[in-house]
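File shown: run.txt (compact mmCIF, N, CA and C atoms).
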# COMPACT_ATOMS: atom_id res chain seq x y z
N MET J 1 -82.74 -132.30 50.12
CA MET J 1 -82.38 -131.56 51.31
C MET J 1 -81.50 -130.37 50.91
N THR J 2 -81.80 -129.24 51.56
CA THR J 2 -80.99 -128.04 51.40
C THR J 2 -80.60 -127.54 52.78
N LEU J 3 -79.39 -127.03 52.89
CA LEU J 3 -78.92 -126.40 54.12
C LEU J 3 -79.06 -124.89 53.93
N TYR J 4 -79.97 -124.28 54.70
CA TYR J 4 -80.17 -122.83 54.66
C TYR J 4 -79.41 -122.21 55.83
N VAL J 5 -78.61 -121.19 55.54
CA VAL J 5 -77.83 -120.53 56.57
C VAL J 5 -78.25 -119.05 56.63
N ASP J 6 -78.74 -118.64 57.78
CA ASP J 6 -79.04 -117.24 58.05
C ASP J 6 -77.68 -116.59 58.27
N ALA J 7 -77.10 -116.06 57.18
CA ALA J 7 -75.66 -115.83 57.14
C ALA J 7 -75.18 -114.47 57.64
N ASP J 8 -76.05 -113.50 57.85
CA ASP J 8 -75.59 -112.16 58.20
C ASP J 8 -74.66 -112.13 59.41
N ALA J 9 -75.06 -112.72 60.51
CA ALA J 9 -74.23 -112.69 61.72
C ALA J 9 -73.82 -114.10 62.14
N CYS J 10 -73.71 -114.98 61.17
CA CYS J 10 -73.43 -116.38 61.46
C CYS J 10 -71.93 -116.62 61.66
N PRO J 11 -71.53 -117.09 62.85
CA PRO J 11 -70.11 -117.33 63.10
C PRO J 11 -69.62 -118.69 62.59
N VAL J 12 -70.52 -119.50 62.02
CA VAL J 12 -70.14 -120.87 61.64
C VAL J 12 -70.37 -121.15 60.14
N LYS J 13 -70.22 -120.13 59.32
CA LYS J 13 -70.41 -120.32 57.88
C LYS J 13 -69.43 -121.35 57.31
N GLU J 14 -68.17 -121.24 57.70
CA GLU J 14 -67.17 -122.18 57.17
C GLU J 14 -67.46 -123.62 57.60
N GLU J 15 -67.89 -123.79 58.83
CA GLU J 15 -68.25 -125.14 59.32
C GLU J 15 -69.42 -125.70 58.50
N CYS J 16 -70.37 -124.84 58.15
CA CYS J 16 -71.50 -125.28 57.34
C CYS J 16 -71.03 -125.74 55.96
N ILE J 17 -70.13 -124.99 55.36
CA ILE J 17 -69.62 -125.35 54.03
C ILE J 17 -68.84 -126.65 54.09
N ARG J 18 -68.01 -126.82 55.11
CA ARG J 18 -67.23 -128.07 55.23
C ARG J 18 -68.16 -129.28 55.39
N ALA J 19 -69.17 -129.18 56.25
CA ALA J 19 -70.09 -130.29 56.47
C ALA J 19 -70.87 -130.59 55.19
N ALA J 20 -71.34 -129.55 54.52
CA ALA J 20 -72.10 -129.74 53.28
C ALA J 20 -71.23 -130.38 52.20
N ASP J 21 -69.97 -130.00 52.15
CA ASP J 21 -69.05 -130.57 51.18
C ASP J 21 -68.85 -132.07 51.44
N ARG J 22 -68.66 -132.42 52.70
CA ARG J 22 -68.47 -133.85 53.05
C ARG J 22 -69.67 -134.69 52.65
N LEU J 23 -70.87 -134.13 52.82
CA LEU J 23 -72.10 -134.90 52.59
C LEU J 23 -72.79 -134.54 51.29
N ARG J 24 -72.17 -133.64 50.50
CA ARG J 24 -72.69 -133.25 49.18
C ARG J 24 -74.11 -132.66 49.28
N VAL J 25 -74.29 -131.71 50.18
CA VAL J 25 -75.58 -131.06 50.42
C VAL J 25 -75.51 -129.63 49.88
N PRO J 26 -76.48 -129.21 49.07
CA PRO J 26 -76.47 -127.82 48.61
C PRO J 26 -76.74 -126.84 49.75
N VAL J 27 -76.08 -125.68 49.68
CA VAL J 27 -76.17 -124.66 50.73
C VAL J 27 -76.68 -123.36 50.14
N LYS J 28 -77.61 -122.74 50.84
CA LYS J 28 -78.07 -121.39 50.50
C LYS J 28 -77.64 -120.47 51.64
N MET J 29 -76.65 -119.61 51.39
CA MET J 29 -76.22 -118.60 52.35
C MET J 29 -77.07 -117.36 52.08
N VAL J 30 -77.95 -117.04 53.00
CA VAL J 30 -78.91 -115.96 52.78
C VAL J 30 -78.55 -114.79 53.68
N CYS J 31 -78.43 -113.59 53.06
CA CYS J 31 -78.00 -112.42 53.83
C CYS J 31 -78.53 -111.14 53.23
N ASN J 32 -78.40 -110.07 53.99
CA ASN J 32 -78.76 -108.74 53.51
C ASN J 32 -77.58 -108.08 52.81
N GLY J 33 -76.45 -108.70 52.81
CA GLY J 33 -75.25 -108.14 52.19
C GLY J 33 -74.10 -108.18 53.18
N GLY J 34 -72.94 -107.78 52.73
CA GLY J 34 -71.80 -107.69 53.62
C GLY J 34 -70.99 -108.96 53.77
N ILE J 35 -71.35 -110.01 53.06
CA ILE J 35 -70.51 -111.21 53.09
C ILE J 35 -70.01 -111.48 51.67
N ARG J 36 -68.86 -112.10 51.61
CA ARG J 36 -68.27 -112.44 50.32
C ARG J 36 -68.85 -113.78 49.85
N PRO J 37 -69.34 -113.85 48.63
CA PRO J 37 -69.86 -115.12 48.12
C PRO J 37 -68.79 -116.20 48.11
N SER J 38 -69.19 -117.41 48.44
CA SER J 38 -68.26 -118.54 48.43
C SER J 38 -68.08 -119.04 46.99
N PRO J 39 -66.86 -119.40 46.63
CA PRO J 39 -66.65 -119.97 45.30
C PRO J 39 -67.01 -121.46 45.24
N HIS J 40 -67.37 -122.04 46.38
CA HIS J 40 -67.68 -123.47 46.42
C HIS J 40 -68.88 -123.77 45.54
N PRO J 41 -68.81 -124.81 44.70
CA PRO J 41 -69.91 -125.10 43.77
C PRO J 41 -71.23 -125.51 44.45
N LEU J 42 -71.19 -125.98 45.68
CA LEU J 42 -72.43 -126.35 46.38
C LEU J 42 -73.09 -125.15 47.07
N VAL J 43 -72.41 -124.01 47.13
CA VAL J 43 -72.89 -122.86 47.89
C VAL J 43 -73.43 -121.79 46.95
N GLU J 44 -74.68 -121.41 47.20
CA GLU J 44 -75.29 -120.29 46.51
C GLU J 44 -75.51 -119.18 47.53
N THR J 45 -75.00 -117.99 47.25
CA THR J 45 -75.20 -116.86 48.15
C THR J 45 -76.39 -116.05 47.64
N ILE J 46 -77.36 -115.87 48.51
CA ILE J 46 -78.58 -115.14 48.18
C ILE J 46 -78.53 -113.80 48.90
N PHE J 47 -78.53 -112.71 48.15
CA PHE J 47 -78.56 -111.37 48.74
C PHE J 47 -79.99 -110.86 48.69
N VAL J 48 -80.57 -110.63 49.86
CA VAL J 48 -81.93 -110.13 49.97
C VAL J 48 -81.82 -108.73 50.56
N THR J 49 -81.98 -107.72 49.72
CA THR J 49 -81.65 -106.36 50.13
C THR J 49 -82.86 -105.48 50.43
N GLU J 50 -84.06 -106.02 50.39
CA GLU J 50 -85.26 -105.19 50.54
C GLU J 50 -85.44 -104.62 51.94
N GLY J 51 -84.89 -105.25 52.97
CA GLY J 51 -85.08 -104.75 54.33
C GLY J 51 -84.46 -105.66 55.35
N PRO J 52 -84.49 -105.26 56.64
CA PRO J 52 -83.76 -105.99 57.67
C PRO J 52 -84.25 -107.41 57.94
N ASP J 53 -85.53 -107.70 57.78
CA ASP J 53 -86.03 -109.04 58.07
C ASP J 53 -86.32 -109.84 56.80
N GLU J 54 -85.96 -109.31 55.66
CA GLU J 54 -86.30 -109.97 54.40
C GLU J 54 -85.52 -111.27 54.20
N ALA J 55 -84.29 -111.34 54.67
CA ALA J 55 -83.54 -112.59 54.56
C ALA J 55 -84.22 -113.69 55.37
N ASP J 56 -84.70 -113.34 56.57
CA ASP J 56 -85.43 -114.32 57.39
C ASP J 56 -86.70 -114.78 56.67
N LYS J 57 -87.42 -113.83 56.10
CA LYS J 57 -88.65 -114.18 55.36
C LYS J 57 -88.34 -115.10 54.19
N TRP J 58 -87.23 -114.81 53.49
CA TRP J 58 -86.84 -115.62 52.33
C TRP J 58 -86.62 -117.07 52.75
N ILE J 59 -85.91 -117.25 53.86
CA ILE J 59 -85.65 -118.61 54.36
C ILE J 59 -86.96 -119.26 54.80
N ALA J 60 -87.77 -118.55 55.58
CA ALA J 60 -89.01 -119.10 56.12
C ALA J 60 -89.97 -119.54 55.01
N GLU J 61 -89.97 -118.83 53.89
CA GLU J 61 -90.85 -119.18 52.77
C GLU J 61 -90.40 -120.43 52.04
N ARG J 62 -89.14 -120.84 52.21
CA ARG J 62 -88.61 -121.95 51.42
C ARG J 62 -88.26 -123.19 52.22
N ALA J 63 -87.83 -123.02 53.45
CA ALA J 63 -87.39 -124.18 54.25
C ALA J 63 -88.58 -125.03 54.64
N GLY J 64 -88.40 -126.32 54.55
CA GLY J 64 -89.47 -127.25 54.90
C GLY J 64 -88.94 -128.60 55.30
N LYS J 65 -89.82 -129.57 55.26
CA LYS J 65 -89.49 -130.92 55.68
C LYS J 65 -88.27 -131.43 54.91
N GLY J 66 -87.30 -131.96 55.66
CA GLY J 66 -86.09 -132.49 55.06
C GLY J 66 -84.96 -131.49 54.94
N ASP J 67 -85.25 -130.21 55.15
CA ASP J 67 -84.22 -129.18 55.08
C ASP J 67 -83.63 -128.94 56.46
N VAL J 68 -82.44 -128.31 56.48
CA VAL J 68 -81.78 -127.94 57.72
C VAL J 68 -81.53 -126.43 57.67
N VAL J 69 -81.85 -125.75 58.78
CA VAL J 69 -81.69 -124.31 58.87
C VAL J 69 -80.74 -123.99 60.02
N ILE J 70 -79.78 -123.10 59.74
CA ILE J 70 -78.85 -122.64 60.77
C ILE J 70 -79.19 -121.18 61.05
N THR J 71 -79.60 -120.89 62.29
CA THR J 71 -79.94 -119.52 62.65
C THR J 71 -79.88 -119.32 64.15
N GLY J 72 -79.63 -118.09 64.53
CA GLY J 72 -79.73 -117.68 65.93
C GLY J 72 -80.99 -116.87 66.15
N ASP J 73 -81.77 -116.65 65.09
CA ASP J 73 -82.99 -115.86 65.14
C ASP J 73 -84.15 -116.78 65.57
N ILE J 74 -84.63 -116.58 66.78
CA ILE J 74 -85.62 -117.50 67.35
C ILE J 74 -86.96 -117.43 66.61
N PRO J 75 -87.50 -116.25 66.27
CA PRO J 75 -88.75 -116.26 65.50
C PRO J 75 -88.61 -116.97 64.14
N LEU J 76 -87.48 -116.79 63.47
CA LEU J 76 -87.25 -117.52 62.22
C LEU J 76 -87.20 -119.02 62.49
N ALA J 77 -86.49 -119.40 63.54
CA ALA J 77 -86.40 -120.82 63.90
C ALA J 77 -87.78 -121.41 64.13
N ALA J 78 -88.65 -120.67 64.83
CA ALA J 78 -90.00 -121.16 65.11
C ALA J 78 -90.78 -121.40 63.82
N LYS J 79 -90.66 -120.49 62.86
CA LYS J 79 -91.35 -120.66 61.58
C LYS J 79 -90.82 -121.89 60.84
N CYS J 80 -89.51 -122.07 60.86
CA CYS J 80 -88.90 -123.20 60.15
C CYS J 80 -89.26 -124.53 60.82
N VAL J 81 -89.24 -124.56 62.15
CA VAL J 81 -89.64 -125.77 62.87
C VAL J 81 -91.10 -126.10 62.52
N GLY J 82 -91.94 -125.07 62.51
CA GLY J 82 -93.35 -125.26 62.16
C GLY J 82 -93.55 -125.80 60.76
N ALA J 83 -92.62 -125.48 59.85
CA ALA J 83 -92.70 -125.97 58.47
C ALA J 83 -92.07 -127.35 58.31
N GLY J 84 -91.52 -127.89 59.40
CA GLY J 84 -90.96 -129.24 59.34
C GLY J 84 -89.45 -129.31 59.14
N ALA J 85 -88.78 -128.16 59.07
CA ALA J 85 -87.32 -128.16 58.91
C ALA J 85 -86.64 -128.49 60.23
N LEU J 86 -85.41 -128.97 60.13
CA LEU J 86 -84.57 -129.19 61.30
C LEU J 86 -83.75 -127.93 61.51
N VAL J 87 -83.67 -127.45 62.75
CA VAL J 87 -83.03 -126.16 63.02
C VAL J 87 -81.95 -126.32 64.08
N LEU J 88 -80.81 -125.67 63.80
CA LEU J 88 -79.69 -125.63 64.74
C LEU J 88 -79.30 -124.18 65.00
N LYS J 89 -79.04 -123.88 66.28
CA LYS J 89 -78.44 -122.60 66.62
C LYS J 89 -76.94 -122.71 66.40
N HIS J 90 -76.26 -121.57 66.44
CA HIS J 90 -74.82 -121.54 66.17
C HIS J 90 -73.99 -122.33 67.18
N ASN J 91 -74.53 -122.56 68.37
CA ASN J 91 -73.79 -123.31 69.39
C ASN J 91 -74.08 -124.80 69.34
N GLY J 92 -74.85 -125.24 68.35
CA GLY J 92 -75.15 -126.66 68.20
C GLY J 92 -76.44 -127.10 68.86
N GLU J 93 -77.14 -126.17 69.52
CA GLU J 93 -78.41 -126.50 70.17
C GLU J 93 -79.49 -126.69 69.11
N ALA J 94 -80.16 -127.84 69.15
CA ALA J 94 -81.26 -128.09 68.22
C ALA J 94 -82.52 -127.41 68.73
N LEU J 95 -83.24 -126.80 67.82
CA LEU J 95 -84.54 -126.21 68.15
C LEU J 95 -85.59 -127.10 67.49
N THR J 96 -86.50 -127.62 68.31
CA THR J 96 -87.47 -128.61 67.87
C THR J 96 -88.88 -128.21 68.29
N GLU J 97 -89.85 -128.97 67.86
CA GLU J 97 -91.23 -128.73 68.30
C GLU J 97 -91.33 -128.83 69.81
N ALA J 98 -90.51 -129.68 70.41
CA ALA J 98 -90.58 -129.90 71.87
C ALA J 98 -90.03 -128.73 72.67
N ASN J 99 -89.09 -127.95 72.10
CA ASN J 99 -88.49 -126.88 72.91
C ASN J 99 -88.67 -125.47 72.38
N ILE J 100 -89.19 -125.30 71.17
CA ILE J 100 -89.23 -123.97 70.57
C ILE J 100 -90.15 -123.02 71.34
N GLY J 101 -91.23 -123.53 71.93
CA GLY J 101 -92.12 -122.68 72.71
C GLY J 101 -91.41 -122.07 73.91
N ASN J 102 -90.65 -122.90 74.64
CA ASN J 102 -89.90 -122.40 75.79
C ASN J 102 -88.80 -121.43 75.37
N VAL J 103 -88.14 -121.71 74.26
CA VAL J 103 -87.07 -120.83 73.78
C VAL J 103 -87.65 -119.47 73.38
N LEU J 104 -88.81 -119.47 72.72
CA LEU J 104 -89.46 -118.21 72.35
C LEU J 104 -89.87 -117.43 73.60
N ALA J 105 -90.43 -118.13 74.59
CA ALA J 105 -90.86 -117.46 75.82
C ALA J 105 -89.67 -116.86 76.56
N THR J 106 -88.57 -117.58 76.62
CA THR J 106 -87.36 -117.07 77.27
C THR J 106 -86.83 -115.84 76.53
N ARG J 107 -86.83 -115.91 75.22
CA ARG J 107 -86.38 -114.76 74.41
C ARG J 107 -87.22 -113.54 74.72
N ASP J 108 -88.54 -113.71 74.75
CA ASP J 108 -89.43 -112.59 75.03
C ASP J 108 -89.22 -112.04 76.44
N LEU J 109 -89.03 -112.93 77.41
CA LEU J 109 -88.79 -112.50 78.79
C LEU J 109 -87.51 -111.68 78.88
N MET J 110 -86.45 -112.16 78.23
CA MET J 110 -85.17 -111.44 78.27
C MET J 110 -85.29 -110.07 77.58
N ALA J 111 -86.06 -110.00 76.51
CA ALA J 111 -86.26 -108.71 75.84
C ALA J 111 -86.98 -107.74 76.77
N ASP J 112 -87.97 -108.24 77.51
CA ASP J 112 -88.69 -107.41 78.48
C ASP J 112 -87.77 -106.94 79.59
N LEU J 113 -86.92 -107.82 80.10
CA LEU J 113 -85.98 -107.45 81.16
C LEU J 113 -84.99 -106.39 80.68
N ARG J 114 -84.50 -106.55 79.46
CA ARG J 114 -83.57 -105.55 78.91
C ARG J 114 -84.26 -104.20 78.73
N ALA J 115 -85.51 -104.23 78.29
CA ALA J 115 -86.26 -102.98 78.09
C ALA J 115 -86.54 -102.28 79.42
N ALA J 116 -86.73 -103.07 80.47
CA ALA J 116 -87.04 -102.50 81.79
C ALA J 116 -85.81 -101.91 82.47
N ASP J 117 -84.62 -102.32 82.09
CA ASP J 117 -83.39 -101.84 82.71
C ASP J 117 -82.42 -101.38 81.63
N PRO J 118 -82.52 -100.11 81.21
CA PRO J 118 -81.67 -99.64 80.11
C PRO J 118 -80.18 -99.62 80.45
N PHE J 119 -79.83 -99.77 81.73
CA PHE J 119 -78.42 -99.77 82.11
C PHE J 119 -77.84 -101.17 82.21
N ARG J 120 -78.64 -102.17 81.92
CA ARG J 120 -78.18 -103.57 81.97
C ARG J 120 -77.05 -103.75 80.96
N GLN J 121 -75.95 -104.29 81.39
CA GLN J 121 -74.77 -104.46 80.54
C GLN J 121 -74.57 -105.93 80.20
N GLY J 122 -73.91 -106.16 79.10
CA GLY J 122 -73.50 -107.53 78.72
C GLY J 122 -74.67 -108.40 78.37
N GLY J 123 -74.59 -109.64 78.73
CA GLY J 123 -75.64 -110.60 78.46
C GLY J 123 -75.16 -111.78 77.65
N GLY J 124 -74.34 -111.53 76.65
CA GLY J 124 -73.86 -112.62 75.83
C GLY J 124 -72.44 -113.01 76.19
N LYS J 125 -72.14 -114.28 75.95
CA LYS J 125 -70.76 -114.71 76.18
C LYS J 125 -70.07 -114.87 74.83
N ALA J 126 -68.78 -114.85 74.84
CA ALA J 126 -68.00 -114.97 73.61
C ALA J 126 -68.21 -116.36 73.00
N PHE J 127 -68.15 -116.41 71.67
CA PHE J 127 -68.28 -117.67 70.95
C PHE J 127 -66.95 -118.41 71.06
N SER J 128 -66.98 -119.59 71.66
CA SER J 128 -65.74 -120.31 71.97
C SER J 128 -65.43 -121.41 70.96
N LYS J 129 -64.22 -121.94 71.08
CA LYS J 129 -63.82 -123.09 70.27
C LYS J 129 -64.71 -124.29 70.58
N GLN J 130 -65.11 -124.42 71.85
CA GLN J 130 -66.00 -125.52 72.24
C GLN J 130 -67.38 -125.36 71.58
N ASP J 131 -67.87 -124.12 71.49
CA ASP J 131 -69.14 -123.87 70.80
C ASP J 131 -69.02 -124.28 69.33
N ARG J 132 -67.91 -123.91 68.71
CA ARG J 132 -67.69 -124.24 67.30
C ARG J 132 -67.62 -125.75 67.09
N ALA J 133 -66.91 -126.45 67.97
CA ALA J 133 -66.80 -127.91 67.87
C ALA J 133 -68.15 -128.58 68.12
N ARG J 134 -68.88 -128.10 69.11
CA ARG J 134 -70.21 -128.65 69.42
C ARG J 134 -71.15 -128.45 68.22
N PHE J 135 -71.07 -127.27 67.60
CA PHE J 135 -71.89 -127.00 66.42
C PHE J 135 -71.53 -127.97 65.29
N SER J 136 -70.25 -128.12 64.99
CA SER J 136 -69.82 -128.99 63.89
C SER J 136 -70.31 -130.42 64.08
N SER J 137 -70.18 -130.94 65.30
CA SER J 137 -70.65 -132.30 65.58
C SER J 137 -72.16 -132.41 65.42
N ALA J 138 -72.88 -131.43 65.95
CA ALA J 138 -74.34 -131.45 65.87
C ALA J 138 -74.81 -131.34 64.42
N LEU J 139 -74.15 -130.49 63.63
CA LEU J 139 -74.54 -130.34 62.22
C LEU J 139 -74.28 -131.63 61.45
N ASP J 140 -73.13 -132.26 61.67
CA ASP J 140 -72.86 -133.54 60.99
C ASP J 140 -73.94 -134.57 61.32
N ARG J 141 -74.27 -134.69 62.60
CA ARG J 141 -75.32 -135.65 63.00
C ARG J 141 -76.66 -135.32 62.35
N LEU J 142 -77.02 -134.05 62.35
CA LEU J 142 -78.31 -133.64 61.80
C LEU J 142 -78.38 -133.87 60.30
N LEU J 143 -77.33 -133.51 59.59
CA LEU J 143 -77.32 -133.71 58.13
C LEU J 143 -77.36 -135.20 57.78
N ARG J 144 -76.65 -136.02 58.54
CA ARG J 144 -76.68 -137.47 58.27
C ARG J 144 -78.05 -138.05 58.55
N SER J 145 -78.71 -137.60 59.62
CA SER J 145 -80.03 -138.14 59.96
C SER J 145 -81.09 -137.63 58.99
N ALA J 146 -80.93 -136.42 58.46
CA ALA J 146 -81.91 -135.85 57.55
C ALA J 146 -81.77 -136.44 56.15
N GLY J 147 -80.56 -136.84 55.80
CA GLY J 147 -80.30 -137.33 54.44
C GLY J 147 -80.59 -138.76 54.32
Kindly return the structure encoded in the file as structure tokens.
Amino acid sequence: MTLYVDADACPVKEECIRAADRLRVPVKMVCNGGIRPSPHPLVETIFVTEGPDEADKWIAERAGKGDVVITGDIPLAAKCVGAGALVLKHNGEALTEANIGNVLATRDLMADLRAADPFRQGGGKAFSKQDRARFSSALDRLLRSAG
């Protein structure tokens, strides 16, 4: 089992490292750059600099059955779920075969709504301590069940 983290805009990198350390799971922090490599021996930082979606492609090509992927990128999540990986969003929501279709459809609908109204403001809420705690609990459960 490997824990893959779509690390560019990931607010829970430290939580991932702590959980992986507790359970002795190797971590691949994959990014386009801009993050400092972790000195932790279980963490490998992968810099994929060829283009904006190359880090997602790198993860999608490698994640599979028994692996865990942390991402907020829904198309990447869909590819990983399709390959048999377990996927968690940053707020602790699991993305599975049962719900990924609806999540993709909602994402596409929201993109269409934003495109139709260029003056639409906001949309996202701040990442809270409760989100961080929910994520940590969900990741621990997922890593224990996968291992």
Exercise. What lies within 6 Å of stretch 75-91 of chain J using only C-alpha atoms, ignoring chain neighbours under 4 positions off, as JSON, numbers by chain?
Worked result: {"J": [60, 64, 65, 66, 67, 68, 69, 70, 71, 95, 131, 135]}
Output file for the selection above: N, CA and C atoms, as a short mmCIF file (atom, residue, chain, number, x, y, z; two decimals), keeping the file's coordinate frame:
data_model
loop_
_atom_site.label_atom_id
_atom_site.label_comp_id
_atom_site.auth_asym_id
_atom_site.auth_seq_id
_atom_site.Cartn_x
_atom_site.Cartn_y
_atom_site.Cartn_z
N ALA J 60 -87.77 -118.55 55.58
CA ALA J 60 -89.01 -119.10 56.12
C ALA J 60 -89.97 -119.54 55.01
N GLY J 64 -88.40 -126.32 54.55
CA GLY J 64 -89.47 -127.25 54.90
C GLY J 64 -88.94 -128.60 55.30
N LYS J 65 -89.82 -129.57 55.26
CA LYS J 65 -89.49 -130.92 55.68
C LYS J 65 -88.27 -131.43 54.91
N GLY J 66 -87.30 -131.96 55.66
CA GLY J 66 -86.09 -132.49 55.06
C GLY J 66 -84.96 -131.49 54.94
N ASP J 67 -85.25 -130.21 55.15
CA ASP J 67 -84.22 -129.18 55.08
C ASP J 67 -83.63 -128.94 56.46
N VAL J 68 -82.44 -128.31 56.48
CA VAL J 68 -81.78 -127.94 57.72
C VAL J 68 -81.53 -126.43 57.67
N VAL J 69 -81.85 -125.75 58.78
CA VAL J 69 -81.69 -124.31 58.87
C VAL J 69 -80.74 -123.99 60.02
N ILE J 70 -79.78 -123.10 59.74
CA ILE J 70 -78.85 -122.64 60.77
C ILE J 70 -79.19 -121.18 61.05
N THR J 71 -79.60 -120.89 62.29
CA THR J 71 -79.94 -119.52 62.65
C THR J 71 -79.88 -119.32 64.15
N LEU J 95 -83.24 -126.80 67.82
CA LEU J 95 -84.54 -126.21 68.15
C LEU J 95 -85.59 -127.10 67.49
N ASP J 131 -67.87 -124.12 71.49
CA ASP J 131 -69.14 -123.87 70.80
C ASP J 131 -69.02 -124.28 69.33
N PHE J 135 -71.07 -127.27 67.60
CA PHE J 135 -71.89 -127.00 66.42
C PHE J 135 -71.53 -127.97 65.29
#
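Here atom C of J:Ala20 and atom CA of J:Ala126 stand 26.6 Å from one another.
Take atom CA of J:Leu42 and atom C of J:Asp6: the distance between them is 16.3 Å.
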Problem set entry | Test item: residues at most 8 Å from J:Pro41, all atoms listed in the file, excluding those fewer than 3 positions along its chain, as number ranges by chain | J: 26-27, 38, 44
For this session: From chain J, collect each residue whose DSSP state is strand (DSSP E) and return the set as a PyMOL selection string.
Result: chain J and resi 3-6+27-31+43-47+68-70+86-88+94-95
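Counting only C-alpha atoms, the residue from J:Cys16, J:Val5, J:Leu104, J:Arg132 that sits nearest to J:Trp58 is J:Val5.
Computed from the coordinates, the atom N of J:Lys57 to atom C of J:Phe127 distance equals 25.8 Å.
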For this session: Looking only at helix (DSSP H, G or I) from DSSP on the backbone, list the matching residues of stretch 5-126 of chain J as a PyMOL selection string.
Result: chain J and resi 13-23+54-62+74-82+100-116
Give me, as a PDB file with N, CA and C atoms, in the coordinates of the input, all polymer residues having an atom no more than 6 Å from stretch 45-51 of chain J, counting only C-alpha atoms and skipping those fewer than 6 positions away in the same chain.
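Saved the output as selection_13.pdb:
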ATOM      1  N   LYS J  28     -77.610-122.740  50.840  1.00  0.00           N
ATOM      2  CA  LYS J  28     -78.070-121.390  50.500  1.00  0.00           C
ATOM      3  C   LYS J  28     -77.640-120.470  51.640  1.00  0.00           C
ATOM      4  N   MET J  29     -76.650-119.610  51.390  1.00  0.00           N
ATOM      5  CA  MET J  29     -76.220-118.600  52.350  1.00  0.00           C
ATOM      6  C   MET J  29     -77.070-117.360  52.080  1.00  0.00           C
ATOM      7  N   VAL J  30     -77.950-117.040  53.000  1.00  0.00           N
ATOM      8  CA  VAL J  30     -78.910-115.960  52.780  1.00  0.00           C
ATOM      9  C   VAL J  30     -78.550-114.790  53.680  1.00  0.00           C
ATOM     10  N   CYS J  31     -78.430-113.590  53.060  1.00  0.00           N
ATOM     11  CA  CYS J  31     -78.000-112.420  53.830  1.00  0.00           C
ATOM     12  C   CYS J  31     -78.530-111.140  53.230  1.00  0.00           C
ATOM     13  N   ASN J  32     -78.400-110.070  53.990  1.00  0.00           N
ATOM     14  CA  ASN J  32     -78.760-108.740  53.510  1.00  0.00           C
ATOM     15  C   ASN J  32     -77.580-108.080  52.810  1.00  0.00           C
ATOM     16  N   GLY J  33     -76.450-108.700  52.810  1.00  0.00           N
ATOM     17  CA  GLY J  33     -75.250-108.140  52.190  1.00  0.00           C
ATOM     18  C   GLY J  33     -74.100-108.180  53.180  1.00  0.00           C
ATOM     19  N   PRO J  37     -69.340-113.850  48.630  1.00  0.00           N
ATOM     20  CA  PRO J  37     -69.860-115.120  48.120  1.00  0.00           C
ATOM     21  C   PRO J  37     -68.790-116.200  48.110  1.00  0.00           C
TER      22      PRO J  37
END
As AutoDock Vina command-line options, please report the centre and edge lengths, rounded to one decimal in Å, of the axis-aligned box that holds all listed atoms of stretch 123-141 of chain J with 4 Å of padding on each of the six sides.
--center_x -70.2 --center_y -122.6 --center_z 69.9 --size_x 20.8 --size_y 34.0 --size_z 25.7
Problem set entry | Which of J:Lys125, J:Arg134, J:Arg141, J:Arg24 sits closest to J:Gly92 [using all atoms listed in the file] | J:Arg134
Problem set entry | Surrounding residues of J:Val25 excluding itself and chain neighbours under 6 positions, 6.5 Å, all atoms listed in the file, as a ChimeraX atom specification | /J:1-3,19,42
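Among the candidates J:Ala146, J:Tyr4, J:Ala94, J:Asp21, the residue lying nearest to J:Ile59 is J:Tyr4 (atoms considered: all atoms listed in the file).
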